[in-house]
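Reproduced below: upload13.cif, with mmCIF, C-alpha atoms and all ligand atoms.
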```
data_entry
loop_
_atom_site.label_atom_id
_atom_site.label_comp_id
_atom_site.auth_asym_id
_atom_site.auth_seq_id
_atom_site.Cartn_x
_atom_site.Cartn_y
_atom_site.Cartn_z
CA ARG D 1 -30.20 20.15 18.01
CA THR D 2 -27.37 21.34 20.24
CA ASP D 3 -24.20 23.01 18.99
CA SER D 4 -22.07 20.06 20.05
CA VAL D 5 -23.94 17.68 17.75
CA HIS D 6 -22.28 17.37 14.41
CA GLU D 7 -24.68 16.64 11.59
CA LYS D 8 -24.06 16.17 7.86
CA THR D 9 -26.00 15.08 4.80
CA VAL D 10 -24.49 12.15 2.90
CA ASP D 11 -25.16 10.31 -0.36
CA LEU D 12 -25.61 6.64 0.45
CA ALA D 13 -26.04 5.41 -3.09
CA SER D 14 -22.44 6.07 -4.11
CA ASP D 15 -20.27 2.98 -3.59
CA HIS D 16 -21.87 0.26 -1.60
CA PHE D 17 -22.38 -2.46 -4.15
CA PRO D 18 -20.10 -5.42 -3.67
CA ASN D 19 -21.82 -7.73 -6.16
CA VAL D 20 -21.60 -5.81 -9.40
CA LEU D 21 -21.24 -8.36 -12.15
CA ALA D 22 -22.59 -7.19 -15.46
CA MET D 23 -23.47 -9.86 -17.96
CA GLN D 24 -20.66 -11.28 -20.04
CA LEU D 25 -22.25 -12.84 -23.10
CA GLU D 26 -19.31 -15.12 -23.73
CA ASP D 27 -19.78 -16.81 -20.33
CA LEU D 28 -23.40 -17.56 -20.98
CA GLY D 29 -23.99 -21.28 -21.01
CA HIS D 30 -27.31 -23.07 -21.19
CA TYR D 31 -30.08 -22.01 -18.86
CA ASP D 32 -33.57 -23.45 -18.48
CA ILE D 33 -35.14 -20.47 -16.81
CA LEU D 34 -34.73 -16.74 -17.20
CA ILE D 35 -35.71 -14.41 -14.38
CA ILE D 36 -35.75 -10.67 -14.80
CA GLY D 37 -35.23 -9.00 -11.43
CA ALA D 38 -33.42 -10.19 -8.29
CA GLY D 39 -35.96 -8.91 -5.77
CA LEU D 40 -38.25 -11.07 -3.65
CA SER D 41 -40.32 -12.62 -6.45
CA GLY D 42 -37.39 -13.44 -8.69
CA THR D 43 -35.36 -14.84 -5.82
CA VAL D 44 -38.13 -17.13 -4.55
CA LEU D 45 -38.67 -18.61 -8.01
CA ALA D 46 -34.94 -18.97 -8.66
CA ASP D 47 -34.51 -20.83 -5.38
CA LEU D 48 -37.40 -23.22 -5.99
CA TYR D 49 -36.51 -24.05 -9.57
CA ALA D 50 -32.79 -24.39 -8.92
CA ARG D 51 -32.97 -26.36 -5.69
CA LYS D 52 -36.18 -28.32 -6.07
CA HIS D 53 -36.20 -28.99 -9.82
CA GLY D 54 -32.49 -28.91 -10.60
CA LYS D 55 -33.10 -26.26 -13.26
CA LYS D 56 -30.38 -23.90 -14.40
CA VAL D 57 -31.52 -20.39 -13.66
CA LEU D 58 -30.24 -17.12 -15.10
CA ILE D 59 -31.21 -13.93 -13.27
CA ILE D 60 -30.56 -10.54 -14.70
CA GLU D 61 -30.96 -7.44 -12.61
CA ARG D 62 -30.76 -3.83 -13.74
CA ARG D 63 -29.51 -2.46 -10.42
CA PRO D 64 -25.95 -3.00 -9.21
CA HIS D 65 -27.13 -5.27 -6.38
CA ILE D 66 -29.54 -8.06 -5.53
CA GLY D 67 -32.46 -7.79 -3.11
CA GLY D 68 -34.65 -5.23 -4.87
CA ASN D 69 -36.00 -2.60 -2.52
CA CYS D 70 -35.15 -4.78 0.49
CA PHE D 71 -31.43 -4.21 -0.12
CA ASP D 72 -29.53 -3.23 3.03
CA PHE D 73 -25.88 -2.70 3.83
CA ARG D 74 -23.58 -1.53 6.60
CA GLU D 75 -22.72 2.13 6.20
CA GLU D 76 -18.94 2.19 6.59
CA GLU D 77 -18.32 5.24 8.73
CA THR D 78 -20.96 4.48 11.34
CA ASP D 79 -21.19 0.67 10.98
CA ILE D 80 -24.99 0.98 11.03
CA LEU D 81 -27.08 -1.38 8.91
CA VAL D 82 -29.47 0.66 6.74
CA ASN D 83 -32.03 -0.05 4.03
CA LEU D 84 -31.13 1.86 0.89
CA TYR D 85 -34.75 2.08 -0.25
CA GLY D 86 -36.63 2.92 2.92
CA ALA D 87 -37.36 1.02 6.11
CA HIS D 88 -38.46 -2.56 5.50
CA LEU D 89 -40.28 -4.29 8.33
CA PHE D 90 -41.29 -7.85 7.76
CA HIS D 91 -44.67 -8.85 9.13
CA THR D 92 -47.00 -11.63 8.12
CA GLY D 93 -49.90 -13.80 9.11
CA LYS D 94 -49.25 -16.13 6.18
CA GLU D 95 -47.87 -19.40 7.51
CA ASP D 96 -46.39 -20.62 4.20
CA VAL D 97 -44.49 -17.40 3.83
CA TRP D 98 -43.25 -17.49 7.42
CA LYS D 99 -42.00 -21.03 6.89
CA TYR D 100 -40.46 -20.14 3.57
CA VAL D 101 -38.40 -17.20 4.82
CA HIS D 102 -36.72 -19.43 7.41
CA ARG D 103 -35.08 -21.42 4.63
CA PHE D 104 -32.29 -18.84 4.42
CA SER D 105 -31.77 -17.28 7.81
CA GLU D 106 -32.81 -16.99 11.38
CA TRP D 107 -35.27 -14.18 12.12
CA THR D 108 -34.98 -11.80 15.04
CA PRO D 109 -38.33 -10.81 16.56
CA TYR D 110 -38.89 -7.10 16.06
CA GLU D 111 -42.14 -5.25 16.63
CA HIS D 112 -42.34 -2.04 14.67
CA ARG D 113 -43.68 1.09 16.35
CA VAL D 114 -44.32 4.43 14.71
CA VAL D 115 -45.03 7.76 16.31
CA GLY D 116 -46.47 10.71 14.46
CA ARG D 117 -45.75 14.34 15.08
CA VAL D 118 -49.20 15.92 15.15
CA ASP D 119 -50.15 19.38 16.44
CA GLY D 120 -46.62 19.51 17.88
CA LYS D 121 -47.08 16.34 19.93
CA LEU D 122 -45.68 12.85 19.41
CA VAL D 123 -48.50 10.31 19.34
CA PRO D 124 -48.85 6.59 18.52
CA ILE D 125 -49.80 5.61 14.96
CA PRO D 126 -52.06 3.72 14.20
CA VAL D 127 -54.67 5.43 16.33
CA ASN D 128 -55.10 3.94 19.80
CA ILE D 129 -56.47 5.25 23.10
CA ASP D 130 -53.37 7.33 23.79
CA THR D 131 -53.59 9.00 20.36
CA VAL D 132 -57.15 10.14 21.01
CA ASN D 133 -56.46 11.34 24.54
CA ALA D 134 -53.38 13.29 23.48
CA LEU D 135 -54.83 14.91 20.35
CA LEU D 136 -58.42 15.56 21.34
CA GLY D 137 -58.10 15.99 25.11
CA GLU D 138 -60.33 12.99 25.82
CA GLU D 139 -60.03 10.92 28.98
CA ILE D 140 -60.63 7.40 27.75
CA TYR D 141 -59.50 4.63 30.04
CA SER D 142 -61.20 1.48 28.74
CA GLU D 143 -61.76 -0.39 25.53
CA ASP D 144 -65.53 0.03 25.89
CA ALA D 145 -65.16 3.77 26.22
CA MET D 146 -62.91 3.82 23.16
CA ASP D 147 -65.44 1.79 21.15
CA ALA D 148 -68.18 4.22 22.13
CA TRP D 149 -66.01 7.19 21.24
CA LEU D 150 -65.14 5.71 17.83
CA THR D 151 -68.78 4.94 17.06
CA HIS D 152 -69.72 8.50 17.90
CA GLU D 153 -66.94 9.97 15.74
CA ARG D 154 -67.84 7.75 12.80
CA ARG D 155 -71.55 8.57 12.97
CA ASN D 156 -70.77 12.27 12.98
CA SER D 157 -68.36 12.14 10.08
CA PRO D 158 -69.47 13.22 6.58
CA VAL D 159 -69.32 9.60 5.36
CA GLY D 160 -71.37 8.28 8.30
CA GLU D 161 -70.98 4.72 9.53
CA VAL D 162 -69.65 3.02 6.42
CA ASP D 163 -68.69 -0.58 5.97
CA VAL D 164 -64.96 -0.13 5.47
CA SER D 165 -64.67 -3.42 3.61
CA THR D 166 -66.83 -2.08 0.79
CA ALA D 167 -65.62 1.52 0.84
CA LYS D 168 -65.15 3.15 -2.56
CA ASN D 169 -62.07 5.18 -1.77
CA SER D 170 -59.52 5.89 0.93
CA ARG D 171 -61.41 8.86 2.38
CA GLU D 172 -64.31 6.56 3.22
CA VAL D 173 -61.91 4.08 4.78
CA GLY D 174 -60.07 6.69 6.85
CA MET D 175 -63.15 8.54 8.11
CA GLY D 176 -65.02 5.26 8.45
CA ARG D 177 -62.31 4.08 10.84
CA VAL D 178 -61.47 7.12 12.96
CA GLY D 179 -64.00 9.84 12.10
CA GLU D 180 -63.41 13.23 10.54
CA ARG D 181 -61.28 14.95 13.18
CA LEU D 182 -58.52 12.37 13.34
CA TYR D 183 -58.77 11.79 9.60
CA ASN D 184 -57.95 15.45 9.05
CA LYS D 185 -55.04 15.41 11.47
CA LEU D 186 -53.46 12.09 10.52
CA PHE D 187 -54.42 10.98 7.03
CA LYS D 188 -55.52 13.85 4.84
CA GLU D 189 -52.30 15.82 4.51
CA TYR D 190 -49.94 12.85 4.82
CA THR D 191 -51.72 11.21 1.90
CA LYS D 192 -51.46 14.38 -0.16
CA LYS D 193 -47.72 14.54 0.59
CA GLN D 194 -47.29 10.87 -0.30
CA TRP D 195 -49.51 10.61 -3.39
CA ASN D 196 -50.01 14.22 -4.41
CA VAL D 197 -53.76 13.63 -4.31
CA TYR D 198 -56.20 13.51 -1.40
CA PRO D 199 -57.54 10.14 -0.16
CA GLU D 200 -60.86 10.48 -2.03
CA GLU D 201 -58.94 9.99 -5.26
CA LEU D 202 -57.22 6.79 -4.13
CA GLY D 203 -58.62 3.29 -3.99
CA PRO D 204 -59.50 1.89 -0.54
CA VAL D 205 -56.31 -0.19 -0.51
CA VAL D 206 -54.16 2.77 0.59
CA LEU D 207 -55.80 3.72 3.88
CA SER D 208 -56.94 0.16 4.52
CA ARG D 209 -53.31 -0.49 5.42
CA ILE D 210 -53.68 1.55 8.61
CA PRO D 211 -55.81 -0.13 11.29
CA VAL D 212 -57.34 1.46 14.38
CA ARG D 213 -57.10 0.08 17.93
CA ASN D 214 -59.60 0.28 20.77
CA ASP D 215 -56.82 -0.38 23.31
CA TRP D 216 -53.24 0.72 24.03
CA ASP D 217 -51.51 -1.51 21.49
CA ASP D 218 -49.05 0.79 19.73
CA ARG D 219 -47.53 -1.65 17.25
CA TYR D 220 -47.65 -0.63 13.60
CA PHE D 221 -48.77 -4.10 12.50
CA PRO D 222 -50.99 -5.21 15.38
CA ASN D 223 -52.81 -7.75 13.26
CA ASP D 224 -49.88 -9.83 12.06
CA LYS D 225 -48.77 -12.80 14.10
CA HIS D 226 -45.16 -12.80 12.93
CA GLN D 227 -43.02 -9.67 13.01
CA ALA D 228 -39.30 -10.02 12.60
CA LEU D 229 -36.14 -9.02 10.78
CA PRO D 230 -33.72 -11.39 9.06
CA ALA D 231 -31.03 -11.93 11.70
CA ASP D 232 -28.15 -10.69 9.53
CA GLY D 233 -30.07 -8.31 7.32
CA TYR D 234 -32.08 -8.66 4.12
CA THR D 235 -29.13 -8.71 1.75
CA ARG D 236 -27.62 -11.70 3.57
CA TRP D 237 -30.95 -13.47 3.22
CA PHE D 238 -30.92 -12.92 -0.54
CA GLU D 239 -27.27 -13.97 -0.81
CA GLU D 240 -28.08 -17.25 0.92
CA ALA D 241 -31.13 -17.82 -1.27
CA LEU D 242 -29.22 -17.22 -4.48
CA ASP D 243 -26.06 -19.08 -3.48
CA HIS D 244 -26.48 -22.24 -5.51
CA PRO D 245 -24.49 -23.72 -8.39
CA ASN D 246 -27.60 -23.74 -10.59
CA ILE D 247 -28.20 -20.01 -10.16
CA ARG D 248 -26.27 -17.35 -12.01
CA VAL D 249 -26.96 -13.70 -11.25
CA PHE D 250 -25.86 -10.76 -13.34
CA THR D 251 -26.37 -7.37 -11.73
CA SER D 252 -26.07 -4.00 -13.54
CA THR D 253 -27.66 -5.74 -16.53
CA ASP D 254 -30.72 -4.21 -18.11
CA TYR D 255 -33.06 -6.73 -19.73
CA PHE D 256 -34.30 -4.41 -22.46
CA GLU D 257 -30.73 -3.43 -23.35
CA SER D 258 -29.64 -7.08 -23.31
CA LEU D 259 -32.32 -7.96 -25.83
CA LYS D 260 -30.62 -5.66 -28.30
CA LEU D 261 -27.65 -8.06 -28.29
CA HIS D 262 -28.17 -10.79 -30.85
CA GLY D 263 -26.29 -13.33 -28.70
CA PHE D 264 -28.74 -12.80 -25.85
CA ALA D 265 -31.93 -12.35 -27.85
CA LYS D 266 -31.55 -15.72 -29.55
CA LEU D 267 -31.32 -17.67 -26.27
CA LYS D 268 -34.28 -19.93 -25.60
CA PHE D 269 -35.72 -20.62 -22.15
CA GLU D 270 -38.35 -23.06 -20.91
CA LYS D 271 -39.89 -20.34 -18.82
CA THR D 272 -39.36 -16.64 -18.20
CA PHE D 273 -40.38 -14.79 -15.06
CA PHE D 274 -40.63 -11.04 -15.47
CA THR D 275 -40.73 -9.05 -12.24
CA GLY D 276 -40.32 -5.50 -13.59
CA GLN D 277 -42.91 -2.94 -14.67
CA ILE D 278 -45.48 -4.72 -16.80
CA ASP D 279 -46.09 -1.63 -18.93
CA GLN D 280 -42.40 -1.41 -19.85
CA TYR D 281 -42.37 -5.04 -20.93
CA PHE D 282 -45.16 -4.56 -23.42
CA ARG D 283 -44.16 -1.08 -24.55
CA ASN D 284 -40.44 -1.82 -24.93
CA ILE D 285 -40.52 -5.35 -26.30
CA LYS D 286 -43.91 -5.80 -27.89
CA GLY D 287 -44.41 -2.30 -29.24
CA SER D 288 -47.66 -1.88 -27.28
CA LYS D 289 -49.23 1.54 -27.70
CA LEU D 290 -51.03 1.40 -24.35
CA LYS D 291 -50.19 4.38 -22.14
CA PRO D 292 -47.49 3.87 -19.49
CA LEU D 293 -48.81 3.08 -16.00
CA GLN D 294 -48.37 5.64 -13.21
CA TYR D 295 -46.09 5.04 -10.23
CA ARG D 296 -44.78 7.09 -7.30
CA SER D 297 -41.19 7.34 -6.24
CA ILE D 298 -39.31 8.42 -3.11
CA LYS D 299 -36.37 10.72 -2.67
CA PHE D 300 -34.24 9.97 0.37
CA GLU D 301 -32.25 12.48 2.37
CA THR D 302 -29.65 10.92 4.64
CA ILE D 303 -28.30 12.64 7.71
CA VAL D 304 -25.42 11.33 9.82
CA ARG D 305 -25.39 12.64 13.37
CA ASP D 306 -22.18 12.43 15.30
CA GLU D 307 -23.82 11.48 18.55
CA PRO D 308 -24.08 8.14 20.41
CA SER D 309 -27.69 8.60 21.58
CA VAL D 310 -30.77 8.37 19.41
CA SER D 311 -32.52 11.56 18.40
CA GLN D 312 -36.07 10.33 17.87
CA PRO D 313 -38.18 8.10 20.12
CA ALA D 314 -39.02 5.42 17.55
CA PHE D 315 -37.48 3.83 14.47
CA VAL D 316 -39.94 5.75 12.29
CA VAL D 317 -41.48 9.14 12.99
CA ASN D 318 -44.28 10.22 10.65
CA PHE D 319 -45.04 13.84 9.80
CA PRO D 320 -48.71 13.77 8.81
CA GLN D 321 -49.15 17.56 8.67
CA PHE D 322 -48.00 20.10 6.09
CA ARG D 323 -46.81 22.39 8.88
CA ASP D 324 -43.91 20.02 9.68
CA GLY D 325 -42.44 19.99 6.17
CA ASN D 326 -42.81 18.13 2.88
CA HIS D 327 -41.30 14.88 4.07
CA THR D 328 -43.62 12.07 5.10
CA ARG D 329 -41.38 10.29 7.62
CA THR D 330 -37.90 9.87 9.06
CA ALA D 331 -36.30 6.55 9.94
CA GLU D 332 -33.50 6.39 12.51
CA TYR D 333 -31.76 3.09 11.86
CA LYS D 334 -30.20 2.55 15.28
CA HIS D 335 -33.64 1.53 16.47
CA MET D 336 -33.77 -1.29 13.93
CA TYR D 337 -32.00 -4.30 15.46
CA HIS D 338 -31.26 -2.02 18.45
CA GLN D 339 -27.88 -1.19 16.91
CA ASP D 340 -25.07 0.35 18.88
CA SER D 341 -22.90 3.05 17.32
CA GLN D 342 -21.13 6.28 18.22
CA SER D 343 -23.20 8.00 15.51
CA SER D 344 -26.71 7.82 14.14
CA ILE D 345 -28.18 7.70 10.64
CA LEU D 346 -31.52 9.30 9.87
CA ILE D 347 -33.20 8.94 6.49
CA ARG D 348 -36.00 11.30 5.54
CA GLU D 349 -38.48 10.39 2.80
CA TYR D 350 -39.94 12.77 0.25
CA SER D 351 -42.47 11.33 -2.15
CA THR D 352 -41.99 12.27 -5.82
CA ASP D 353 -43.38 11.72 -9.30
CA ILE D 354 -41.45 9.45 -11.60
CA VAL D 355 -38.95 11.74 -13.28
CA ASP D 356 -35.67 10.80 -14.97
CA ASP D 357 -34.38 7.56 -13.48
CA ALA D 358 -36.50 7.65 -10.30
CA GLU D 359 -37.32 4.13 -9.09
CA PRO D 360 -40.98 3.11 -9.27
CA TYR D 361 -41.74 2.29 -5.62
CA TYR D 362 -45.49 2.37 -5.56
CA PRO D 363 -48.16 1.50 -8.10
CA PHE D 364 -50.67 4.36 -8.06
CA PRO D 365 -53.95 2.74 -6.99
CA THR D 366 -56.68 4.83 -8.58
CA LYS D 367 -59.67 3.29 -10.27
CA GLU D 368 -58.52 4.55 -13.63
CA ASN D 369 -55.02 3.13 -13.24
CA GLU D 370 -56.36 -0.21 -12.13
CA GLU D 371 -58.59 -0.41 -15.21
CA HIS D 372 -55.66 0.58 -17.33
CA PHE D 373 -53.59 -2.18 -15.75
CA GLU D 374 -56.32 -4.69 -16.68
CA GLN D 375 -55.52 -4.01 -20.32
CA TYR D 376 -51.92 -4.97 -19.69
CA ARG D 377 -53.09 -8.02 -17.79
CA GLU D 378 -54.94 -9.23 -20.85
CA LEU D 379 -51.73 -8.94 -22.83
CA ALA D 380 -49.90 -10.77 -20.06
CA LYS D 381 -52.32 -13.69 -20.23
CA SER D 382 -51.62 -14.33 -23.88
CA GLU D 383 -47.89 -13.83 -23.38
CA GLU D 384 -48.04 -16.56 -20.77
CA THR D 385 -49.97 -18.97 -22.97
CA GLN D 386 -47.92 -18.35 -26.09
CA HIS D 387 -44.42 -17.86 -24.75
CA ASN D 388 -44.39 -19.12 -21.16
CA VAL D 389 -43.60 -15.68 -19.81
CA HIS D 390 -44.99 -15.16 -16.32
CA PHE D 391 -45.52 -11.79 -14.64
CA VAL D 392 -44.89 -11.82 -10.93
CA GLY D 393 -44.37 -9.34 -8.09
CA ARG D 394 -45.36 -5.83 -7.14
CA LEU D 395 -44.42 -4.05 -10.35
CA ALA D 396 -45.65 -6.75 -12.72
CA ASN D 397 -49.00 -7.10 -10.92
CA TYR D 398 -49.31 -3.38 -10.27
CA LYS D 399 -50.37 -4.15 -6.70
CA TYR D 400 -49.48 -2.52 -3.40
CA PHE D 401 -47.82 -5.70 -2.09
CA ASN D 402 -46.05 -5.91 1.23
CA MET D 403 -42.98 -8.15 1.37
CA ASP D 404 -45.04 -11.14 2.49
CA ASP D 405 -47.59 -10.52 -0.29
CA ALA D 406 -44.77 -10.53 -2.82
CA ILE D 407 -43.44 -13.85 -1.51
CA GLN D 408 -46.97 -15.26 -1.42
CA ASN D 409 -47.53 -14.12 -4.99
CA ALA D 410 -44.40 -15.98 -6.13
CA LEU D 411 -45.40 -19.10 -4.15
CA ASP D 412 -48.91 -18.96 -5.63
CA LEU D 413 -47.51 -18.78 -9.13
CA TYR D 414 -45.24 -21.71 -8.36
CA VAL D 415 -48.22 -23.71 -7.09
CA LYS D 416 -50.22 -22.78 -10.19
CA ILE D 417 -47.45 -24.13 -12.41
CA GLU D 418 -46.12 -27.04 -10.36
CA GLY D 419 -48.91 -27.96 -7.95
CA ARG D 420 -49.39 -27.67 -4.22
CA LYS D 421 -47.59 -30.93 -3.47
CA ARG D 422 -44.35 -29.56 -4.84
CA LEU D 423 -44.60 -26.54 -2.60
CA ASP D 424 -45.36 -28.67 0.45
CA ALA D 425 -42.29 -30.71 -0.29
CA ALA D 426 -40.23 -27.54 -0.66
CA LEU D 427 -41.29 -25.85 2.57
N1 LIG T 501 -50.88 7.26 6.05
C1 LIG T 501 -51.30 8.46 6.59
N2 LIG T 501 -50.73 8.90 7.75
C2 LIG T 501 -49.78 8.20 8.40
C3 LIG T 501 -49.35 6.97 7.86
C4 LIG T 501 -49.92 6.53 6.70
O1 LIG T 501 -52.13 9.13 6.00
O2 LIG T 501 -49.28 8.65 9.43
C5 LIG T 501 -51.51 6.79 4.80
C6 LIG T 501 -50.79 7.33 3.56
O3 LIG T 501 -51.74 7.54 2.54
C7 LIG T 501 -49.89 6.19 3.22
C8 LIG T 501 -50.74 4.98 3.56
O4 LIG T 501 -51.45 5.39 4.72
O5 LIG T 501 -49.52 6.21 1.85
C9 LIG T 501 -50.00 3.71 3.81
O6 LIG T 501 -49.04 3.88 4.82
P1 LIG T 501 -47.84 2.85 5.03
O7 LIG T 501 -47.07 3.26 6.21
O8 LIG T 501 -48.38 1.48 4.99
O9 LIG T 501 -47.01 3.15 3.70
P2 LIG T 501 -45.71 2.44 3.09
O10 LIG T 501 -44.91 1.93 4.24
O11 LIG T 501 -46.20 1.41 2.14
O12 LIG T 501 -45.05 3.58 2.38
#
```

Could I get this file's structure written as structure tokens?
Amino acid sequence: RTDSVHEKTVDLASDHFPNVLAMQLEDLGHYDILIIGAGLSGTVLADLYARKHGKKVLIIERRPHIGGNCFDFREEETDILVNLYGAHLFHTGKEDVWKYVHRFSEWTPYEHRVVGRVDGKLVPIPVNIDTVNALLGEEIYSEDAMDAWLTHERRNSPVGEVDVSTAKNSREVGMGRVGERLYNKLFKEYTKKQWNVYPEELGPVVLSRIPVRNDWDDRYFPNDKHQALPADGYTRWFEEALDHPNIRVFTSTDYFESLKLHGFAKLKFEKTFFTGQIDQYFRNIKGSKLKPLQYRSIKFETIVRDEPSVSQPAFVVNFPQFRDGNHTRTAEYKHMYHQDSQSSILIREYSTDIVDDAEPYYPFPTKENEEHFEQYRELAKSEETQHNVHFVGRLANYKYFNMDDAIQNALDLYVKIEGRKRLDAAL
């Protein structure tokens, strides 16, 4: 940082919500379908039922805006489009999902790249040939040599050559992919910062997200055919999807609070789709005595730099080692959509427990938590049969879904209820 660069910390969450429209009971007419949550799952189902079945859909959303964690907006001072809840990069190999997302906007191809600051150097993540050469002083210049190097590292690691697809925990996955030395540099401490436990305590799903390359491919999602951003941002995509005379959205409206109002509680719906935390549904409404489920949250620190150039080499820089601070990564939004501005916005992420009103970003995938979730799932099954309440999305399924998984989950539920033919006709 030079003296001429002006830098300040700002609070983004203050006044950027154009759509605030809390529920007015007196305007409530008849609705066929109730959806709790205006994120991806709720929006997909609202669209399909309103447009393809002519149903009247009521969506209520606790936050002051639609779009769930995908919500983005243009920061006024800098005119830079930012995600309020962390960088969201769409990537998918699922053809139905790819087709579906085009219903509401064009998509701009965008291949995400991440570099990690490790041992004071900036290296590609996931691991590729350049990562190994830079961090371990190797001189690998072919895919065959990289394969041989990886095999050697894996064999010499404490977990040996494991079959990653049947690994018991994330340590086995990480070491099974890149061996012990890179595991220690890239995954061990980052995971502790992110989850407050080491990878051996987390299910394989966490480190299975990070592939390894035997070539020079430095894309973060090398295995997904489609990688793109909605041409005018995520929020525009949601606005388009929800813009229909059969859909009514109330933001800043808490479902559990609404149920305390007699006028709301007595409304009857053909179907309800609940996309919030499944444990809260049963604990708050049904008086379940099951323990709450565990989640992780993120605290964001936003820095505006008064400088036209970018200050980091990639959209996201990861900080996998304790020595570089407690934050896990920093996103510099000018890189996303290659935006032009006289300033730059950087958002640093610190992982936190759920305290006070912290948002539940991540289900906590330990074996114990997953078993615990199964108990809620049993309750959910009977709620579905008896009352036509369906649980859909990341929080309701307690699964580490990516955006495309969340859309797929909503489409799968739709197919389960309405049949594949209806989806084919809709796509
Ligand atoms: N991870 C890591 N080092 C990295 C990047 C990721 O150890 O440089 C691990 C970490 O446990 C993290 C997980 O891989 O929680 C998944 O990373 P991803 O970037 O997919 O996380 P998300 O974007 O979902 O927060």

task: Please check which protein, DNA or RNA residues sit within 10 Å of ligand LIG 501 (chain T), counting only C-alpha atoms and all ligand atoms, and write them as a PyMOL selection string.
output: chain D and resi 86-89+114-118+124-127+170-171+174+183-199+202+205-211+220-221+298+316-321+328-329+349+351+361-362+400-402

task: Write out as a list in words each polymer residue whose atoms come within 10 Å of D:Pro292, counting all atoms listed in the file; drop sequence neighbours fewer than 4 positions from it.
output: Gln277, Ile278, Asp279, Gln280, Phe282, Arg283, Ser288, Asn369, His372, Phe373 and Tyr376 of chain D

- request: Quick one: everything within 9 Å of stretch 135-147 of chain D, counting all atoms listed in the file, minus sequence neighbours fewer than 5 positions away in the same chain. Send it as a count of residues only.
  value: 15

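Residues within 8 Å of D:Leu229, counting all atoms listed in the file and excluding same-chain residues fewer than 6 positions away, are Leu89, Phe90, Trp107, Thr108, Pro109, Tyr110 and Tyr337 of chain D.
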
Selection near D:Leu242, 9 Å with only C-alpha atoms, sequence-local residues under 6 positions removed, as a PDB file with C-alpha atoms, keeping the file's coordinate frame:
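Everything below was put into result34.pdb:
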```
ATOM      1  CA  THR D  43     -35.360 -14.840  -5.820  1.00  0.00           C
ATOM      2  CA  VAL D  44     -38.130 -17.130  -4.550  1.00  0.00           C
ATOM      3  CA  ALA D  46     -34.940 -18.970  -8.660  1.00  0.00           C
ATOM      4  CA  ASP D  47     -34.510 -20.830  -5.380  1.00  0.00           C
ATOM      5  CA  ARG D 248     -26.270 -17.350 -12.010  1.00  0.00           C
ATOM      6  CA  VAL D 249     -26.960 -13.700 -11.250  1.00  0.00           C
TER       7      VAL D 249
END
```

N, CA and C atoms restored at stretch 50-61 of chain D, emitted as a PDB file, keeping the file's coordinate frame:
```
ATOM      1  N   ALA D  50     -34.166 -23.886  -8.952  1.00  0.00           N
ATOM      2  CA  ALA D  50     -32.790 -24.390  -8.920  1.00  0.00           C
ATOM      3  C   ALA D  50     -32.650 -25.535  -7.925  1.00  0.00           C
ATOM      4  N   ARG D  51     -33.193 -25.350  -6.730  1.00  0.00           N
ATOM      5  CA  ARG D  51     -32.970 -26.360  -5.690  1.00  0.00           C
ATOM      6  C   ARG D  51     -33.937 -27.520  -5.773  1.00  0.00           C
ATOM      7  N   LYS D  52     -35.182 -27.252  -6.139  1.00  0.00           N
ATOM      8  CA  LYS D  52     -36.180 -28.320  -6.070  1.00  0.00           C
ATOM      9  C   LYS D  52     -36.413 -29.011  -7.415  1.00  0.00           C
ATOM     10  N   HIS D  53     -35.988 -28.372  -8.505  1.00  0.00           N
ATOM     11  CA  HIS D  53     -36.200 -28.990  -9.820  1.00  0.00           C
ATOM     12  C   HIS D  53     -34.874 -29.194 -10.551  1.00  0.00           C
ATOM     13  N   GLY D  54     -33.800 -28.760  -9.949  1.00  0.00           N
ATOM     14  CA  GLY D  54     -32.490 -28.910 -10.600  1.00  0.00           C
ATOM     15  C   GLY D  54     -32.363 -28.105 -11.885  1.00  0.00           C
ATOM     16  N   LYS D  55     -33.169 -27.064 -12.024  1.00  0.00           N
ATOM     17  CA  LYS D  55     -33.100 -26.260 -13.260  1.00  0.00           C
ATOM     18  C   LYS D  55     -31.949 -25.263 -13.175  1.00  0.00           C
ATOM     19  N   LYS D  56     -31.412 -24.943 -14.339  1.00  0.00           N
ATOM     20  CA  LYS D  56     -30.380 -23.900 -14.400  1.00  0.00           C
ATOM     21  C   LYS D  56     -31.074 -22.556 -14.587  1.00  0.00           C
ATOM     22  N   VAL D  57     -30.779 -21.646 -13.697  1.00  0.00           N
ATOM     23  CA  VAL D  57     -31.520 -20.390 -13.660  1.00  0.00           C
ATOM     24  C   VAL D  57     -30.583 -19.200 -13.913  1.00  0.00           C
ATOM     25  N   LEU D  58     -30.979 -18.359 -14.838  1.00  0.00           N
ATOM     26  CA  LEU D  58     -30.240 -17.120 -15.100  1.00  0.00           C
ATOM     27  C   LEU D  58     -31.079 -15.943 -14.605  1.00  0.00           C
ATOM     28  N   ILE D  59     -30.495 -15.129 -13.733  1.00  0.00           N
ATOM     29  CA  ILE D  59     -31.210 -13.930 -13.270  1.00  0.00           C
ATOM     30  C   ILE D  59     -30.479 -12.714 -13.775  1.00  0.00           C
ATOM     31  N   ILE D  60     -31.215 -11.794 -14.365  1.00  0.00           N
ATOM     32  CA  ILE D  60     -30.560 -10.540 -14.700  1.00  0.00           C
ATOM     33  C   ILE D  60     -31.285  -9.389 -14.002  1.00  0.00           C
ATOM     34  N   GLU D  61     -30.473  -8.504 -13.504  1.00  0.00           N
ATOM     35  CA  GLU D  61     -30.960  -7.440 -12.610  1.00  0.00           C
ATOM     36  C   GLU D  61     -30.355  -6.107 -13.063  1.00  0.00           C
TER      37      GLU D  61
END
```
